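See below for input-v2.cif, which holds mmCIF, C-alpha atoms.
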```
data_query
#
loop_
_atom_site.group_PDB
_atom_site.id
_atom_site.type_symbol
_atom_site.label_atom_id
_atom_site.label_comp_id
_atom_site.auth_asym_id
_atom_site.auth_seq_id
_atom_site.Cartn_x
_atom_site.Cartn_y
_atom_site.Cartn_z
ATOM 1 C CA MET A 23 118.581 110.234 64.560
ATOM 2 C CA SER A 24 116.045 108.568 66.836
ATOM 3 C CA ALA A 25 112.990 108.851 64.620
ATOM 4 C CA PRO A 26 109.733 107.555 66.071
ATOM 5 C CA ASP A 27 109.383 103.843 65.438
ATOM 6 C CA ARG A 28 105.630 103.618 66.070
ATOM 7 C CA ILE A 29 102.623 105.391 67.461
ATOM 8 C CA HIS A 30 102.932 104.660 71.183
ATOM 9 C CA HIS A 31 99.423 105.751 72.167
ATOM 10 C CA ILE A 32 96.602 108.152 71.475
ATOM 11 C CA GLY A 33 95.605 110.444 74.361
ATOM 12 C CA VAL A 34 91.901 111.151 74.838
ATOM 13 C CA ALA A 35 90.534 113.701 77.300
ATOM 14 C CA VAL A 36 87.360 112.452 78.988
ATOM 15 C CA ALA A 37 84.828 113.870 81.432
ATOM 16 C CA ASP A 38 84.325 110.648 83.444
ATOM 17 C CA LEU A 39 87.223 108.185 83.565
ATOM 18 C CA ASP A 40 85.296 105.197 84.960
ATOM 19 C CA GLU A 41 82.486 105.596 82.420
ATOM 20 C CA SER A 42 85.007 105.989 79.593
ATOM 21 C CA ILE A 43 86.880 102.846 80.650
ATOM 22 C CA ARG A 44 83.571 100.951 80.571
ATOM 23 C CA LEU A 45 82.773 102.388 77.126
ATOM 24 C CA TYR A 46 86.134 101.382 75.636
ATOM 25 C CA ARG A 47 85.940 97.915 77.217
ATOM 26 C CA ASN A 48 82.386 97.273 76.008
ATOM 27 C CA ALA A 49 82.617 98.903 72.576
ATOM 28 C CA LEU A 50 86.168 97.938 71.599
ATOM 29 C CA GLY A 51 87.137 95.068 73.890
ATOM 30 C CA ALA A 52 89.918 97.242 75.338
ATOM 31 C CA GLU A 53 91.961 95.858 78.222
ATOM 32 C CA LEU A 54 92.869 98.137 81.138
ATOM 33 C CA VAL A 55 96.632 97.758 81.643
ATOM 34 C CA HIS A 56 97.518 100.693 83.905
ATOM 35 C CA ARG A 57 95.796 103.386 85.930
ATOM 36 C CA ALA A 58 97.479 106.243 87.781
ATOM 37 C CA ALA A 59 96.887 109.745 89.114
ATOM 38 C CA SER A 60 99.149 112.773 89.280
ATOM 39 C CA GLU A 61 98.369 115.515 91.778
ATOM 40 C CA THR A 62 101.049 117.653 90.089
ATOM 41 C CA GLU A 63 99.399 117.382 86.657
ATOM 42 C CA GLY A 64 95.900 117.339 88.170
ATOM 43 C CA LEU A 65 94.821 114.302 86.191
ATOM 44 C CA GLU A 66 93.939 110.657 86.463
ATOM 45 C CA ALA A 67 94.743 108.439 83.512
ATOM 46 C CA ALA A 68 94.044 104.911 82.355
ATOM 47 C CA LEU A 69 96.043 103.111 79.673
ATOM 48 C CA LEU A 70 94.014 100.619 77.666
ATOM 49 C CA ARG A 71 95.265 98.144 75.095
ATOM 50 C CA VAL A 72 93.281 97.727 71.889
ATOM 51 C CA GLY A 73 94.874 95.105 69.650
ATOM 52 C CA ASP A 74 98.499 96.182 69.164
ATOM 53 C CA GLY A 75 97.759 99.806 70.086
ATOM 54 C CA GLU A 76 97.108 101.736 73.261
ATOM 55 C CA ILE A 77 94.751 104.528 74.254
ATOM 56 C CA GLU A 78 95.366 106.797 77.233
ATOM 57 C CA LEU A 79 92.142 108.114 78.744
ATOM 58 C CA MET A 80 92.688 111.213 80.889
ATOM 59 C CA SER A 81 90.291 112.991 83.229
ATOM 60 C CA ALA A 82 90.818 116.152 85.247
ATOM 61 C CA MET A 83 91.135 116.007 89.014
ATOM 62 C CA ARG A 84 90.561 119.766 89.144
ATOM 63 C CA GLU A 85 89.196 122.364 86.732
ATOM 64 C CA ASP A 86 92.412 124.433 86.557
ATOM 65 C CA SER A 87 94.547 121.483 85.385
ATOM 66 C CA PRO A 88 95.618 121.257 81.724
ATOM 67 C CA ILE A 89 93.065 118.486 81.065
ATOM 68 C CA GLY A 90 90.377 120.400 82.990
ATOM 69 C CA LYS A 91 91.005 123.480 80.849
ATOM 70 C CA PHE A 92 91.084 121.386 77.675
ATOM 71 C CA VAL A 93 87.711 119.744 78.409
ATOM 72 C CA ALA A 94 86.158 123.077 79.459
ATOM 73 C CA LYS A 95 87.295 124.728 76.212
ATOM 74 C CA ARG A 96 86.897 121.920 73.678
ATOM 75 C CA GLY A 97 84.938 119.165 75.387
ATOM 76 C CA PRO A 98 86.072 115.553 75.573
ATOM 77 C CA GLY A 99 88.050 114.221 72.624
ATOM 78 C CA LEU A 100 91.436 113.670 71.037
ATOM 79 C CA HIS A 101 94.122 115.333 73.162
ATOM 80 C CA HIS A 102 97.478 114.137 71.792
ATOM 81 C CA VAL A 103 99.349 111.580 69.726
ATOM 82 C CA ALA A 104 102.375 109.919 71.339
ATOM 83 C CA TYR A 105 105.234 108.417 69.350
ATOM 84 C CA GLY A 106 107.684 105.833 70.646
ATOM 85 C CA VAL A 107 111.380 106.717 70.346
ATOM 86 C CA THR A 108 114.384 104.658 71.403
ATOM 87 C CA ASP A 109 116.437 107.660 72.567
ATOM 88 C CA ILE A 110 114.430 110.673 73.707
ATOM 89 C CA GLU A 111 117.486 112.948 73.970
ATOM 90 C CA VAL A 112 118.294 112.325 70.308
ATOM 91 C CA ALA A 113 114.617 112.745 69.334
ATOM 92 C CA LEU A 114 114.451 116.111 71.133
ATOM 93 C CA ALA A 115 117.666 117.274 69.463
ATOM 94 C CA ALA A 116 116.258 116.286 66.053
ATOM 95 C CA ALA A 117 112.999 118.096 66.839
ATOM 96 C CA ARG A 118 114.937 121.258 67.782
ATOM 97 C CA GLU A 119 117.011 120.959 64.612
ATOM 98 C CA ALA A 120 113.796 120.654 62.581
ATOM 99 C CA GLY A 121 112.601 123.919 64.130
ATOM 100 C CA LEU A 122 109.882 122.451 66.321
ATOM 101 C CA GLU A 123 108.865 124.307 69.474
ATOM 102 C CA LEU A 124 109.254 122.067 72.514
ATOM 103 C CA ILE A 125 107.010 122.287 75.547
ATOM 104 C CA ASP A 126 109.485 120.110 77.442
ATOM 105 C CA ALA A 127 113.084 121.145 76.709
ATOM 106 C CA GLU A 128 114.214 118.219 78.868
ATOM 107 C CA PRO A 129 112.551 114.806 79.280
ATOM 108 C CA ARG A 130 110.471 114.125 82.380
ATOM 109 C CA ILE A 131 108.938 110.996 83.843
ATOM 110 C CA GLY A 132 105.368 110.357 82.672
ATOM 111 C CA LEU A 133 102.552 108.612 84.513
ATOM 112 C CA HIS A 134 103.686 105.260 83.148
ATOM 113 C CA GLY A 135 107.234 105.558 84.431
ATOM 114 C CA ARG A 136 108.808 106.284 81.048
ATOM 115 C CA ARG A 137 110.679 109.422 79.973
ATOM 116 C CA ILE A 138 108.432 111.711 77.933
ATOM 117 C CA ALA A 139 108.498 115.156 76.310
ATOM 118 C CA PHE A 140 105.870 117.206 74.467
ATOM 119 C CA VAL A 141 106.097 119.237 71.255
ATOM 120 C CA HIS A 142 103.873 122.308 70.973
ATOM 121 C CA PRO A 143 100.838 121.751 68.735
ATOM 122 C CA LYS A 144 101.541 124.866 66.648
ATOM 123 C CA SER A 145 104.737 123.142 65.461
ATOM 124 C CA MET A 146 102.859 119.982 64.440
ATOM 125 C CA GLY A 147 99.865 121.236 62.485
ATOM 126 C CA GLY A 148 97.684 121.762 65.548
ATOM 127 C CA VAL A 149 98.308 118.347 67.133
ATOM 128 C CA LEU A 150 99.884 118.104 70.590
ATOM 129 C CA THR A 151 102.688 115.572 70.115
ATOM 130 C CA GLU A 152 104.415 113.481 72.754
ATOM 131 C CA PHE A 153 107.633 111.489 72.546
ATOM 132 C CA VAL A 154 107.805 108.407 74.783
ATOM 133 C CA GLU A 155 111.143 106.680 75.297
ATOM 134 C CA THR A 156 110.673 102.990 74.685
#
```

Would you mind giving the structure from this file in structure tokens?
Amino acid sequence: MSAPDRIHHIGVAVADLDESIRLYRNALGAELVHRAASETEGLEAALLRVGDGEIELMSAMREDSPIGKFVAKRGPGLHHVAYGVTDIEVALAAAREAGLELIDAEPRIGLHGRRIAFVHPKSMGGVLTEFVET
């Protein structure tokens, strides 16, 4: 089984990406390591390194995007927890076997160029969970 070997990153939905990057830099000394946008997903994201960990800040490019809907409903805040796995196909098979409901039945390429897949929050105690192939 390809069990997660670490928390890959924490995803945080934000209202203003530039302001949030400044906040995380000033308050936590975070280092911006990657920034990208996805018209398909309707979001812009920034990956920041804090010590050995990473935080993904995500802002909506349009109100009807998943992040736009999330912020409208819940406000800015914790969006998901991502776990690093060495083999995403094996991790997805293990998740299915454990009875978890997958949002992504097959891996897809994430904003950072890695294969990712999401598990529905109702299967994980209310927390949207992402697998990231490392």

Inset, instruction - Mind giving me the straight-line distance from atom CA of Leu39 of chain A to atom CA of Leu79 of chain A in Å, one decimal? - result: 6.9 Å

Give me the result of the PyMOL selection byres ((chain A and resi 91) around 12) on this file, residue by residue, as a PDB file with C-alpha atoms, in the frame of the given file.
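selection.pdb was written with the following content:
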```pdb
ATOM      1  CA  ALA A  35      90.534 113.701  77.300  1.00  0.00           C
ATOM      2  CA  VAL A  36      87.360 112.452  78.988  1.00  0.00           C
ATOM      3  CA  ALA A  37      84.828 113.870  81.432  1.00  0.00           C
ATOM      4  CA  GLU A  63      99.399 117.382  86.657  1.00  0.00           C
ATOM      5  CA  GLY A  64      95.900 117.339  88.170  1.00  0.00           C
ATOM      6  CA  LEU A  65      94.821 114.302  86.191  1.00  0.00           C
ATOM      7  CA  SER A  81      90.291 112.991  83.229  1.00  0.00           C
ATOM      8  CA  ALA A  82      90.818 116.152  85.247  1.00  0.00           C
ATOM      9  CA  MET A  83      91.135 116.007  89.014  1.00  0.00           C
ATOM     10  CA  ARG A  84      90.561 119.766  89.144  1.00  0.00           C
ATOM     11  CA  GLU A  85      89.196 122.364  86.732  1.00  0.00           C
ATOM     12  CA  ASP A  86      92.412 124.433  86.557  1.00  0.00           C
ATOM     13  CA  SER A  87      94.547 121.483  85.385  1.00  0.00           C
ATOM     14  CA  PRO A  88      95.618 121.257  81.724  1.00  0.00           C
ATOM     15  CA  ILE A  89      93.065 118.486  81.065  1.00  0.00           C
ATOM     16  CA  GLY A  90      90.377 120.400  82.990  1.00  0.00           C
ATOM     17  CA  PHE A  92      91.084 121.386  77.675  1.00  0.00           C
ATOM     18  CA  VAL A  93      87.711 119.744  78.409  1.00  0.00           C
ATOM     19  CA  ALA A  94      86.158 123.077  79.459  1.00  0.00           C
ATOM     20  CA  LYS A  95      87.295 124.728  76.212  1.00  0.00           C
ATOM     21  CA  ARG A  96      86.897 121.920  73.678  1.00  0.00           C
ATOM     22  CA  GLY A  97      84.938 119.165  75.387  1.00  0.00           C
ATOM     23  CA  PRO A  98      86.072 115.553  75.573  1.00  0.00           C
ATOM     24  CA  HIS A 101      94.122 115.333  73.162  1.00  0.00           C
TER      25      HIS A 101
END
```

Legend entry - Pick from A:Glu61, A:Glu128, A:Glu155, A:Glu53, whichever lies nearest to Thr108 of chain A using only C-alpha atoms: A:Glu155

Inset, instruction - Using atom CA of Arg44 of chain A and atom CA of Ala104 of chain A as the two end points, give the distance in Å to one decimal. - result: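 Between atom CA of Arg44 of chain A and atom CA of Ala104 of chain A the gap works out to 22.8 Å.
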
Legend entry - Picked residues, the PyMOL selection byres ((chain A and resi 26) around 10), as an NGL selection string: :A and (23-25 or 27-30 or 104-110 or 113 or 153-156)

Would you mind listing what lies within 12 Å of Glu41 of chain A as a tab-separated table (two decimals) with C-alpha atoms, keeping the file's coordinate frame, with all atoms listed in the file counted and same-chain residues fewer than 6 positions away left out?
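This went into part.tsv:
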```tsv
chain	number	residue	atom	x	y	z
A	47	ARG	CA	85.94	97.92	77.22
A	48	ASN	CA	82.39	97.27	76.01
A	49	ALA	CA	82.62	98.90	72.58
A	68	ALA	CA	94.04	104.91	82.36
A	79	LEU	CA	92.14	108.11	78.74
A	80	MET	CA	92.69	111.21	80.89
A	81	SER	CA	90.29	112.99	83.23
```

Legend entry - Computed interatomic separation between atom CA of Glu76 of chain A and atom CA of Ser60 of chain A (Å):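 Atom CA of Glu76 of chain A sits 19.6 Å away from atom CA of Ser60 of chain A.
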
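Taking all atoms listed in the file into account, the protein, DNA and RNA residues within 12 Å of (105.5, 122.4, 69.1) read His102, Leu114, Ala117, Arg118, Ala120, Gly121, Leu122, Glu123, Leu124, Ile125, Asp126, Ala127, Ala139, Phe140, Val141, His142, Pro143, Lys144, Ser145, Met146, Gly147, Gly148, Val149, Leu150, Thr151, Glu152 and Phe153 of chain A.
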
Inset, instruction - Pick out the closest residue to Val34 of chain A from this set: A:Ile131, A:Val112, A:Leu69, A:Ala59. Count all atoms listed in the file. - result: A:Leu69

Inset, instruction - Using all atoms listed in the file, find the one residue out of A:Asp38, A:Val103, A:Glu111, A:Ala116 that sits nearest to Arg130 of chain A. - result: A:Glu111

Inset, instruction - Run through the PyMOL selection byres ((chain A and resi 32) around 6) on the given coordinates and return the selected residues as a VMD selection string. - result: chain A and resid 31 33 77 103

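Residue nearest Gly75 of chain A within the list A:Leu50, A:Leu100, A:Ala58, A:Ile43: A:Leu50 [criterion: smallest interatomic distance, only C-alpha atoms].
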